[in-house]
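J.: Contents of input-v1.txt (compact mmCIF, C-alpha atoms) are given next:
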# COMPACT_ATOMS: atom_id res chain seq x y z
CA MET K 50 -2.82 -38.14 -1.34
CA LYS K 51 -1.50 -41.22 -3.22
CA GLU K 52 2.08 -42.04 -2.34
CA HIS K 53 3.48 -41.69 -5.88
CA ILE K 54 1.78 -38.31 -6.45
CA GLU K 55 3.19 -36.94 -3.19
CA ASP K 56 6.60 -38.25 -4.15
CA ARG K 57 6.37 -36.64 -7.60
CA LEU K 58 5.26 -33.31 -6.11
CA ASN K 59 8.15 -33.27 -3.66
CA LYS K 60 10.65 -33.98 -6.45
CA LEU K 61 9.25 -31.34 -8.79
CA GLU K 62 8.26 -28.57 -6.39
CA GLY K 63 9.14 -25.14 -7.80
CA LEU K 64 9.86 -24.02 -11.36
CA ASN K 65 10.75 -26.62 -13.98
CA THR K 66 11.36 -26.99 -17.66
CA ILE K 67 10.50 -30.25 -19.33
CA GLU K 68 14.18 -31.11 -19.51
CA LEU K 69 14.50 -30.65 -15.74
CA ILE K 70 11.48 -32.87 -15.19
CA VAL K 71 13.08 -35.58 -17.35
CA LYS K 72 16.19 -35.36 -15.18
CA LYS K 73 14.39 -35.24 -11.81
CA LEU K 74 12.03 -38.10 -12.51
CA ASN K 75 14.58 -40.05 -14.58
CA VAL K 76 12.11 -40.75 -17.37
CA LYS K 77 12.00 -40.09 -21.09
CA LYS K 78 10.51 -36.83 -22.44
CA SER K 79 7.12 -38.21 -23.47
CA THR K 80 6.67 -39.75 -20.02
CA ALA K 81 7.70 -36.48 -18.34
CA ILE K 82 5.07 -34.59 -20.35
CA LYS K 83 2.44 -37.14 -19.39
CA LYS K 84 3.34 -36.98 -15.66
CA ILE K 85 3.40 -33.17 -15.48
CA HIS K 86 0.05 -32.98 -17.22
CA GLU K 87 -1.43 -35.44 -14.73
CA LEU K 88 -0.38 -33.05 -11.95
CA LYS K 89 -1.74 -30.10 -13.92
CA LYS K 90 -5.15 -31.77 -14.21
CA MET K 91 -5.19 -32.17 -10.43
CA GLY K 92 -4.45 -28.46 -9.97
CA TYR K 93 -0.86 -28.62 -8.72
CA VAL K 94 0.79 -27.02 -11.77
CA GLU K 95 0.67 -23.59 -13.40
CA THR K 96 2.23 -23.18 -16.81
CA SER K 97 3.69 -20.11 -18.45
CA GLY K 98 5.58 -19.40 -21.64
CA GLY K 99 5.30 -21.61 -24.69
CA GLY K 100 5.66 -20.68 -28.33
CA LYS K 101 8.91 -18.77 -28.74
CA GLN K 102 9.48 -18.76 -24.98
CA PRO K 103 10.43 -21.96 -23.14
CA ARG K 104 7.46 -23.43 -21.32
CA LEU K 105 7.80 -23.28 -17.56
CA TYR K 106 5.91 -25.46 -15.09
CA ARG K 107 5.41 -24.12 -11.57
CA VAL K 108 4.67 -27.07 -9.28
CA SER K 109 3.18 -26.38 -5.87
CA ILE K 110 2.42 -29.02 -3.26
CA THR K 111 -0.41 -26.81 -1.96
CA ARG K 112 -3.32 -26.68 -4.31
CA MET K 113 -5.50 -23.59 -4.07
CA GLN K 114 -8.98 -24.17 -5.39
CA LYS K 115 -9.54 -22.18 -8.61
CA ILE K 116 -13.00 -21.06 -7.67
CA GLY K 117 -14.73 -18.27 -9.55
CA ASN K 118 -13.12 -15.91 -12.03
CA PRO K 119 -9.73 -14.22 -12.27
CA GLY K 120 -9.17 -11.38 -9.81
CA LEU K 121 -7.61 -7.97 -10.17
CA TYR K 122 -4.00 -9.10 -10.58
CA ASP K 123 -4.89 -11.67 -13.25
CA VAL K 124 -6.92 -9.12 -15.24
CA ILE K 125 -4.08 -6.60 -15.14
CA ASN K 126 -1.43 -9.19 -15.98
CA LYS K 127 -3.50 -10.31 -18.97
CA ASN K 128 -3.90 -6.78 -20.34
CA SER K 129 -0.74 -4.92 -19.39
CA PRO K 130 2.87 -5.30 -20.58
CA ILE K 131 3.92 -4.60 -16.99
CA LYS K 132 3.42 -7.84 -15.05
CA LEU K 133 2.67 -8.02 -11.36
CA VAL K 134 3.67 -10.62 -8.82
CA LYS K 135 0.49 -11.58 -7.01
CA PRO K 136 0.77 -11.04 -3.23
CA TYR K 137 -2.13 -13.46 -2.88
CA GLU K 138 -4.55 -15.35 -5.09
CA HIS K 139 -7.60 -13.18 -5.80
CA ARG K 140 -10.72 -14.79 -7.21
CA VAL K 141 -14.13 -13.24 -7.87
CA ILE K 142 -17.24 -15.39 -7.72
CA GLY K 143 -20.38 -14.65 -9.67
CA LYS K 144 -18.97 -12.07 -12.05
CA ASN K 145 -15.93 -11.04 -14.06
CA ILE K 146 -13.85 -7.98 -13.22
CA SER K 147 -14.19 -5.62 -16.16
CA ILE K 148 -11.39 -3.45 -17.52
CA GLU K 149 -13.15 -0.37 -16.13
CA GLU K 150 -13.44 -1.94 -12.68
CA ALA K 151 -9.81 -3.05 -12.73
CA ILE K 152 -8.66 0.52 -13.43
CA VAL K 153 -10.73 1.96 -10.60
CA LEU K 154 -9.65 -0.77 -8.14
CA ALA K 155 -6.02 -0.13 -9.06
CA VAL K 156 -6.37 3.64 -8.52
CA LYS K 157 -8.10 3.02 -5.20
CA SER K 158 -5.35 0.62 -4.05
CA GLU K 159 -2.75 3.43 -3.72
CA ASN K 160 -0.21 0.81 -4.79
CA PHE K 161 2.53 2.22 -7.05
CA ARG K 162 3.14 -0.84 -9.21
CA LEU K 163 -0.52 -1.75 -9.45
CA ILE K 164 -1.46 1.72 -10.71
CA LEU K 165 1.50 1.77 -13.10
CA ALA K 166 0.53 -1.57 -14.62
CA SER K 167 -3.13 -0.53 -14.90
CA LEU K 168 -2.36 2.46 -17.18
CA ALA K 169 -2.27 0.12 -20.18
CA LEU K 170 -5.90 -0.78 -19.53
CA PHE K 171 -7.11 2.69 -20.64
CA ASN K 172 -6.60 1.46 -24.20
CA LYS K 173 -9.08 -1.35 -23.61
CA VAL K 174 -11.93 0.57 -21.98
CA LYS K 175 -15.22 -0.29 -23.66
CA THR K 176 -17.62 2.02 -21.82
CA TRP K 177 -16.41 5.38 -20.55
CA SER K 178 -19.65 6.02 -18.69
CA LYS K 179 -19.13 2.76 -16.76
CA LEU K 180 -15.61 3.91 -15.86
CA TYR K 181 -17.07 7.22 -14.65
CA GLU K 182 -19.78 5.56 -12.52
CA LEU K 183 -17.27 3.22 -10.88
CA ALA K 184 -14.81 6.06 -10.25
CA LYS K 185 -17.65 8.12 -8.76
CA LYS K 186 -18.65 5.24 -6.46
CA GLU K 187 -15.07 4.97 -5.16
CA ASN K 188 -14.48 8.75 -5.12
CA VAL K 189 -11.48 8.64 -7.44
CA ARG K 190 -12.84 10.58 -10.42
CA ARG K 191 -10.18 13.29 -10.75
CA LYS K 192 -7.43 10.74 -10.07
CA THR K 193 -8.78 8.47 -12.83
CA GLY K 194 -9.03 11.38 -15.23
CA ALA K 195 -5.49 12.54 -14.49
CA LEU K 196 -4.08 9.06 -14.99
CA TYR K 197 -5.98 8.78 -18.26
CA GLU K 198 -4.45 12.03 -19.51
CA LEU K 199 -1.01 10.87 -18.39
CA THR K 200 -1.53 7.62 -20.29
CA ARG K 201 -2.46 9.50 -23.47
CA GLU K 202 0.77 11.43 -23.20
CA ILE K 203 3.04 8.40 -23.07
CA MET K 204 1.30 5.71 -25.09
CA ARG K 205 -1.66 4.79 -27.19
CA ALA K 206 -5.03 4.91 -25.41
CA ARG K 207 -8.57 5.01 -26.69
CA ARG K 208 -10.04 8.49 -26.78
CA MET K 209 -12.38 9.34 -23.92
CA ASN K 210 -15.50 11.28 -24.89
CA ASP K 211 -15.69 14.96 -23.86
CA LYS K 212 -18.70 14.46 -21.62
CA THR K 213 -16.92 11.89 -19.42
CA GLN K 214 -13.76 13.97 -19.30
CA LYS K 215 -15.73 17.00 -18.17
CA LEU K 216 -17.57 15.01 -15.51
CA LEU K 217 -14.31 13.58 -14.17
CA LEU K 218 -12.69 17.00 -14.13
CA ASN K 219 -15.57 18.64 -12.26
CA ALA K 220 -15.58 16.12 -9.43
CA LYS K 221 -15.24 17.61 -6.00
CA HIS K 222 -14.31 16.49 -2.47
CA GLU K 223 -11.44 14.26 -3.43
CA LYS K 224 -8.01 13.95 -1.81
CA LYS K 225 -5.15 15.23 -3.95
CA ASP K 226 -2.73 12.35 -3.48
CA ILE K 227 -3.06 9.26 -5.66
CA ILE K 228 -0.36 7.76 -3.44
CA ALA K 229 0.24 9.55 -0.15
CA GLY K 230 3.34 11.73 -0.19
CA MET K 231 4.16 11.20 -3.88
CA HIS K 232 3.97 13.82 -6.63
CA SER K 233 5.47 14.32 -10.05
CA GLU K 234 8.36 16.47 -11.21
CA ASP K 235 7.63 15.84 -14.90
CA PHE K 236 3.85 16.12 -15.17
CA LYS K 237 3.08 19.30 -13.28
CA ASP K 238 0.71 20.54 -16.00
CA ILE K 239 -1.51 17.46 -15.61
CA GLU K 240 -1.32 17.78 -11.82
CA LYS K 241 -2.40 21.42 -12.05
CA LYS K 242 -5.25 20.73 -14.44
CA TRP K 243 -6.70 17.84 -12.44
CA ASN K 244 -5.69 19.10 -8.99
CA VAL K 245 -4.12 15.76 -8.06
CA HIS K 246 -0.60 14.60 -7.30
CA ILE K 247 0.66 12.13 -9.91
CA PRO K 248 3.04 9.58 -8.40
CA PHE K 249 5.04 9.01 -11.61
CA ASN K 250 7.89 10.65 -13.47
CA TYR K 251 9.09 9.88 -17.01
CA ASN K 252 11.59 7.38 -15.68
CA ASP K 253 8.85 5.34 -14.01
CA LEU K 254 6.99 5.07 -17.29
CA ARG K 255 10.03 3.92 -19.26
CA ARG K 256 8.74 0.34 -19.36
CA TYR K 257 5.91 1.45 -21.62
CA LYS K 258 8.34 2.90 -24.15
CA GLU K 259 10.37 -0.31 -24.44
CA MET J 124 -21.27 -31.73 6.63
CA ILE J 125 -20.59 -29.00 4.08
CA ASN J 126 -18.53 -29.31 0.92
CA ILE J 127 -16.82 -26.53 -1.03
CA GLU J 128 -19.70 -26.10 -3.46
CA GLN J 129 -22.23 -25.70 -0.64
CA GLN J 130 -19.90 -23.29 1.12
CA ASN J 131 -19.53 -21.24 -2.07
CA GLU J 132 -23.30 -21.16 -2.55
CA LEU J 133 -23.84 -19.88 0.98
CA PHE J 134 -21.16 -17.19 0.68
CA LYS J 135 -22.51 -16.12 -2.69
CA LEU J 136 -26.00 -15.77 -1.21
CA ILE J 137 -24.65 -13.74 1.71
CA GLY J 138 -22.76 -11.54 -0.75
CA GLU J 139 -25.95 -10.86 -2.68
CA ILE J 140 -27.94 -10.04 0.45
CA LEU J 141 -25.39 -7.72 2.09
CA LYS J 142 -25.98 -4.06 1.19
CA ASP J 143 -22.39 -2.96 1.87
CA LYS J 144 -19.03 -4.65 1.48
CA LEU J 145 -17.95 -6.78 4.40
CA GLU J 146 -14.90 -8.97 4.82
CA CYS J 147 -13.80 -11.68 7.20
CA TYR J 148 -11.19 -14.41 7.60
CA VAL J 149 -11.82 -18.10 7.23
CA ILE J 150 -10.08 -20.72 9.33
CA GLY J 151 -10.45 -24.40 10.13
CA GLY J 152 -11.98 -26.92 7.79
CA SER J 153 -13.45 -24.20 5.58
CA ALA J 154 -10.00 -22.81 4.89
CA MET J 155 -8.65 -26.32 4.32
CA MET J 156 -11.29 -26.84 1.63
CA TYR J 157 -9.97 -23.82 -0.26
CA TYR J 158 -6.55 -25.48 -0.21
CA GLY J 159 -8.02 -28.75 -1.45
CA MET J 160 -6.87 -30.42 1.78
CA LYS J 161 -10.35 -31.48 2.82
CA GLY J 162 -13.47 -32.50 0.94
CA ASN J 163 -15.97 -31.33 3.53
CA THR J 164 -16.19 -29.82 7.00
CA LYS J 165 -18.52 -30.03 9.99
CA ASP J 166 -18.75 -26.26 10.29
CA ILE J 167 -17.76 -23.00 8.66
CA ASP J 168 -15.45 -20.94 10.91
CA LEU J 169 -15.34 -17.21 10.24
CA VAL J 170 -13.36 -14.55 12.10
CA PHE J 171 -14.39 -10.89 11.99
CA GLU J 172 -12.34 -7.85 12.93
CA HIS J 173 -15.33 -5.93 14.26
CA GLU J 174 -18.34 -6.97 16.33
CA LYS J 175 -20.65 -4.95 14.08
CA ASP J 176 -19.57 -7.04 11.09
CA ARG J 177 -20.36 -10.24 12.94
CA GLU J 178 -23.73 -8.80 13.92
CA LYS J 179 -24.54 -8.09 10.26
CA ILE J 180 -23.75 -11.66 9.24
CA ILE J 181 -25.72 -13.07 12.18
CA GLN J 182 -28.71 -11.06 10.98
CA VAL J 183 -28.30 -12.29 7.40
CA LEU J 184 -27.98 -15.90 8.52
CA LYS J 185 -30.97 -15.65 10.87
CA ASN J 186 -33.02 -14.26 8.00
CA LEU J 187 -31.95 -17.33 6.03
CA GLY J 188 -33.32 -19.59 8.75
CA TYR J 189 -30.22 -20.15 10.88
CA ASN J 190 -30.75 -20.45 14.62
CA GLU J 191 -28.35 -19.77 17.44
CA ARG J 192 -27.14 -22.90 19.17
CA GLY J 193 -27.55 -22.91 22.95
CA ILE J 194 -24.83 -22.09 25.48
CA LYS J 195 -24.77 -25.78 26.54
CA VAL J 196 -23.88 -26.83 23.02
CA VAL J 197 -21.16 -24.17 22.84
CA SER J 198 -19.62 -25.40 26.09
CA ILE J 199 -19.58 -28.98 24.79
CA ILE J 200 -17.84 -28.03 21.59
CA TYR J 201 -15.52 -25.49 23.23
CA PRO J 202 -15.27 -26.65 26.87
CA LYS J 203 -13.99 -24.20 29.47
CA LYS J 204 -12.90 -21.77 26.82
CA LYS J 205 -13.16 -18.02 26.73
CA ASN J 206 -13.79 -16.05 23.53
CA THR J 207 -16.08 -18.78 22.25
CA PRO J 208 -17.85 -17.99 19.05
CA ILE J 209 -21.49 -17.51 18.30
CA LEU J 210 -22.73 -20.74 16.77
CA LEU J 211 -25.53 -20.81 14.24
CA GLU J 212 -27.05 -23.78 12.48
CA ARG J 213 -29.65 -24.72 9.94
CA ASP J 214 -30.21 -28.34 8.95
CA ASP J 215 -26.77 -29.74 8.17
CA SER J 216 -25.07 -26.39 7.92
CA ARG J 217 -23.21 -24.91 10.91
CA VAL J 218 -21.46 -21.57 11.09
CA ASP J 219 -19.17 -20.47 13.94
CA LEU J 220 -18.51 -16.74 14.14
CA PHE J 221 -15.55 -15.30 16.08
CA VAL J 222 -14.43 -11.71 16.61
CA ASN J 223 -10.66 -11.14 16.63
CA LYS J 224 -9.94 -14.04 18.96
CA ILE J 225 -10.20 -17.72 18.17
CA ILE J 226 -10.46 -19.21 21.66
CA SER J 227 -6.94 -18.39 22.94
CA THR J 228 -5.42 -17.15 19.70
CA VAL J 229 -5.54 -13.54 18.57
CA LEU J 230 -6.00 -12.74 14.88
CA SER J 231 -2.72 -10.84 14.61
CA ASN J 232 -1.63 -8.31 11.99
CA SER J 233 1.05 -10.71 10.78
CA MET J 234 -1.61 -13.37 10.21
CA LYS J 235 -3.64 -10.85 8.24
CA ASN J 236 -0.61 -9.97 6.13
CA ARG J 237 0.15 -13.61 5.43
CA ILE J 238 -3.20 -14.40 3.87
CA ASN J 239 -2.87 -16.68 0.91
CA SER J 240 -5.97 -15.88 -1.05
CA ILE J 241 -9.01 -13.67 -1.23
CA TYR J 242 -12.36 -14.77 -2.60
CA GLU J 243 -14.93 -12.12 -3.42
CA TYR J 244 -18.59 -13.13 -3.35
CA GLY J 245 -20.33 -9.89 -4.30
CA ASN J 246 -20.27 -7.78 -1.12
CA PHE J 247 -18.84 -10.61 0.97
CA THR J 248 -15.07 -11.05 0.90
CA ILE J 249 -13.40 -14.11 2.38
CA LYS J 250 -9.69 -14.07 3.25
CA VAL J 251 -8.00 -17.43 3.77
CA LEU J 252 -5.35 -17.75 6.47
CA ALA J 253 -1.96 -19.23 5.56
CA PRO J 254 -1.39 -22.93 6.43
CA GLU J 255 1.00 -21.95 9.25
CA ASP J 256 -1.71 -19.85 10.90
CA LEU J 257 -4.27 -22.62 10.50
CA ILE J 258 -1.94 -24.84 12.56
CA ILE J 259 -1.55 -22.11 15.21
CA THR J 260 -5.32 -21.74 15.57
CA LYS J 261 -5.78 -25.50 15.78
CA CYS J 262 -3.32 -25.97 18.63
CA ALA J 263 -5.61 -24.18 21.06
CA THR J 264 -8.75 -26.26 20.75
CA GLU J 265 -7.87 -29.68 22.29
CA ARG J 266 -10.14 -31.43 19.81
CA ALA J 267 -9.09 -34.71 18.26
CA GLY J 268 -10.38 -33.70 14.83
CA ASP J 269 -8.16 -30.62 14.89
CA ARG J 270 -5.10 -32.78 15.53
CA LEU J 271 -5.85 -34.84 12.45
CA ASP J 272 -6.43 -31.66 10.47
CA ALA J 273 -3.08 -30.24 11.59
CA VAL J 274 -1.31 -33.40 10.41
CA GLU J 275 -3.06 -33.13 7.04
CA ILE J 276 -2.03 -29.47 6.69
CA MET J 277 1.59 -30.43 7.38
CA LYS J 278 1.40 -33.14 4.74
CA ARG J 279 -0.15 -30.96 2.05
CA ALA J 280 1.63 -27.64 2.49
CA LYS J 281 5.24 -26.56 2.69
CA ILE J 282 5.24 -25.26 6.26
CA ASP J 283 7.52 -22.38 7.19
CA TRP J 284 8.27 -23.36 10.78
CA GLU J 285 9.98 -20.05 11.52
CA VAL J 286 6.63 -18.35 10.95
CA ILE J 287 4.94 -20.69 13.43
CA ILE J 288 7.67 -20.18 16.05
CA LYS J 289 7.61 -16.37 15.71
CA GLU J 290 3.83 -16.27 15.79
CA SER J 291 3.69 -18.40 18.94
CA ILE J 292 6.09 -15.98 20.67
CA PHE J 293 3.94 -13.05 19.57
CA GLN J 294 0.78 -14.77 20.81
CA ALA J 295 2.43 -15.21 24.22
CA GLU J 296 3.06 -11.45 24.29
CA VAL J 297 -0.51 -10.45 23.50
CA THR J 298 -2.45 -13.13 25.37
CA PRO J 299 -2.14 -14.38 28.94
CA TYR J 300 -1.12 -17.82 27.66
CA LEU J 301 2.36 -19.33 27.37
CA PHE J 302 1.69 -20.18 23.77
CA PRO J 303 5.02 -21.84 22.91
CA VAL J 304 4.50 -24.26 25.82
CA PHE J 305 1.18 -25.42 24.45
CA LEU J 306 2.49 -25.40 20.90
CA PHE J 307 5.32 -27.71 21.96
CA ASP J 308 2.89 -30.13 23.61
CA PHE J 309 0.68 -30.04 20.56
CA LEU J 310 3.43 -30.66 18.02
CA TYR J 311 5.10 -33.29 20.22
CA GLU J 312 1.82 -35.21 20.46
CA LEU J 313 1.31 -34.97 16.71
CA LYS J 314 4.79 -36.31 16.06
CA GLU J 315 4.60 -39.11 18.61
CA ASP J 316 1.00 -40.24 18.22
CA LEU J 317 0.16 -39.37 14.65
CA LYS J 318 3.63 -39.56 13.06
CA ALA J 319 3.45 -35.97 11.85
CA GLU J 320 6.51 -34.62 10.06
CA VAL J 321 7.66 -32.05 12.56
CA PRO J 322 11.41 -31.46 12.23
CA LYS J 323 13.37 -32.33 15.38
CA LYS J 324 15.22 -29.02 15.11
CA VAL J 325 11.91 -27.15 15.28
CA LEU J 326 10.68 -29.11 18.30
CA ASP J 327 13.98 -28.49 20.07
CA GLU J 328 13.76 -24.77 19.39
CA ILE J 329 10.17 -24.51 20.63
CA ARG J 330 11.07 -26.59 23.70
CA LYS J 331 13.92 -24.19 24.51
CA ILE J 332 11.68 -21.14 24.07
CA SER J 333 8.99 -22.80 26.24
CA GLU J 334 11.45 -23.64 29.02
CA ASP J 335 12.83 -20.09 29.05
CA MET J 336 9.32 -18.65 29.18
CA LEU J 337 8.23 -21.02 31.96
CA GLU J 338 11.30 -20.18 33.96
CA LYS J 339 10.68 -16.44 33.65
CA LYS J 340 7.04 -16.91 34.58
CA LEU J 341 7.87 -19.02 37.63
CA LYS J 342 10.47 -16.50 38.79
CA GLY J 343 7.80 -13.83 38.52
CA LYS J 344 5.57 -16.20 40.53
CA LYS J 345 2.57 -15.30 38.39
CA LYS J 346 -0.18 -17.87 37.87
CA ILE J 347 0.29 -19.79 34.65
CA LYS J 348 -2.82 -19.71 32.46
CA THR J 349 -3.92 -22.80 30.68
CA PHE J 350 -6.06 -22.88 27.54
Here is the file; what I need is its structure written in the form of structure tokens.
T.:
Amino acid sequence: MKEHIEDRLNKLEGLNTIELIVKKLNVKKSTAIKKIHELKKMGYVETSGGGKQPRLYRVSITRMQKIGNPGLYDVINKNSPIKLVKPYEHRVIGKNISIEEAIVLAVKSENFRLILASLALFNKVKTWSKLYELAKKENVRRKTGALYELTREIMRARRMNDKTQKLLLNAKHEKKDIIAGMHSEDFKDIEKKWNVHIPFNYNDLRRYKE
Amino acid sequence: MINIEQQNELFKLIGEILKDKLECYVIGGSAMMYYGMKGNTKDIDLVFEHEKDREKIIQVLKNLGYNERGIKVVSIIYPKKKNTPILLERDDSRVDLFVNKIISTVLSNSMKNRINSIYEYGNFTIKVLAPEDLIITKCATERAGDRLDAVEIMKRAKIDWEVIIKESIFQAEVTPYLFPVFLFDFLYELKEDLKAEVPKKVLDEIRKISEDMLEKKLKGKKKIKTF
């Protein structure tokens, strides 16, 4: 690594605004913009915000190769108002994760926050039959159906056709718990209908009402 | 030598051939390429949790024209070492396949939890070990190239030395080796000979842990295992 790049990375490591960069590098604003964009081109910087929000620059001295396409966390963060902190970088090579696949992967994960954030994706499903096939492959049909019905109750979601709903409902040989040991106090009717334990109460879904 | 594009192509092909999902961990130069720390590597190092997974990949690679390298070659590359991998090669491409142990280092649960990134190539999923764990695995090999790699990792990543210290203590508990002793030697050499940026405080702490461990071992009068 060239000496001046390494030096710049060490000075800017972490989250920055452009004003902070001006201060840390002791340069004028136009120069700061140029220098941060040089680092961004090399893959050391991730940006967020912009528009009404202040733009933030996350500078990392370790540069993960952006191979392939966005993984599960990126797809959910792009499509859900509930944002997730990525425990690791997930990239998929050779294909893109569809909305339907992201929902099923989230249900399968048994991760509270991941499933919660994925509920918003039901409004973006393009092919219900694809969702069914994926849920069938991962043996989470009734769970997917129950979460869909829960989503319809608390926010806008595209309407699932009757055939897919029936197929999801009639699935057999599935565990009841979406997340082991967790069940709902507020959605017992959905739990009874789908014979699954929903891990959410109204309070957990508050973020979607805001 | 293999670059990141060639590595990706191979993994993608394996992912297309595999009938069921299979995952493994990548270490060494291959992992460093994912971090952008290296442009190419002599071989691809993969670690599997189960022997049957390694067997599946060996079969796939053999069907792609890879041949197993002889025991003599293995002993040259990994002299006097146990838990040596199965080495396969085809033309310029070499793949080393380990199961759970990388020479004298165990693939621990904490290493698995620290993974930095996951790359999915169809049915083949690659998990990349954290920079700290790449250093731990490199300290056991006694190869000059691995020393240079370790220095490069220290330059290009913000190393959490506490992680390395704790992991070395854990490795000493689960393997017959006094890991902190060898880690100290390794890091001391890197600092002295290759001017690596190893904080003095860290070296002092590892030295203290090593001395305490050696003392306990000598009191117990058990034979001290070397790598």
J.: Within 9 Å of chain J, which residues belong to chain K? Use only C-alpha atoms and report them as a PyMOL selection string.
T.: chain K and resi 50+55+109-117+120+136-144
J.: Can you work out the spacing between CA of Leu74 (chain K) and CA of Arg57 (chain K) in Å, to one decimal?
T.: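 Those two atoms sit 7.6 Å apart.
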J.: CA of Gln294 (chain J) and CA of Thr228 (chain J) are how many Å apart?
T.: 6.7 Å
J.: With 12 Å as the threshold, what does the neighbourhood of (1.4, 6.6, -26.9) contain in terms of residues, counting all atoms listed in the file? Coordinates are those of the file; answer as a PyMOL selection string.
T.: chain K and resi 168-169+171-172+197-208+254-255+257-259
J.: Would you pick out the contacts of Ile125 (chain K) at 12 Å or less, using all atoms listed in the file, so that residues sharing its chain but fewer than 6 positions from it are not included, and give the list as a list in words?
T.: Pro119, Ile131, Lys132, Leu133, Val134, Lys135, His139, Ile146, Ser147, Ile148, Glu149, Glu150, Ala151, Ile152, Val153, Leu154, Ala155, Arg162, Leu163, Ile164, Leu165, Ala166, Ser167, Leu168, Ala169, Leu170, Phe171 and Lys173 of chain K
J.: Could you jot down the CA of Gln130 (chain J) to CA of Tyr189 (chain J) separation for me, Å, one decimal place?
T.: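 Those two atoms sit 14.5 Å apart.
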J.: Need to verify the contact set: Leu58 (chain K), 9 Å, all atoms listed in the file, exclusion of same-chain residues closer than 4 positions in sequence. Can you return it as a PyMOL selection string?
T.: chain K and resi 53-54+62+88+93+108-110
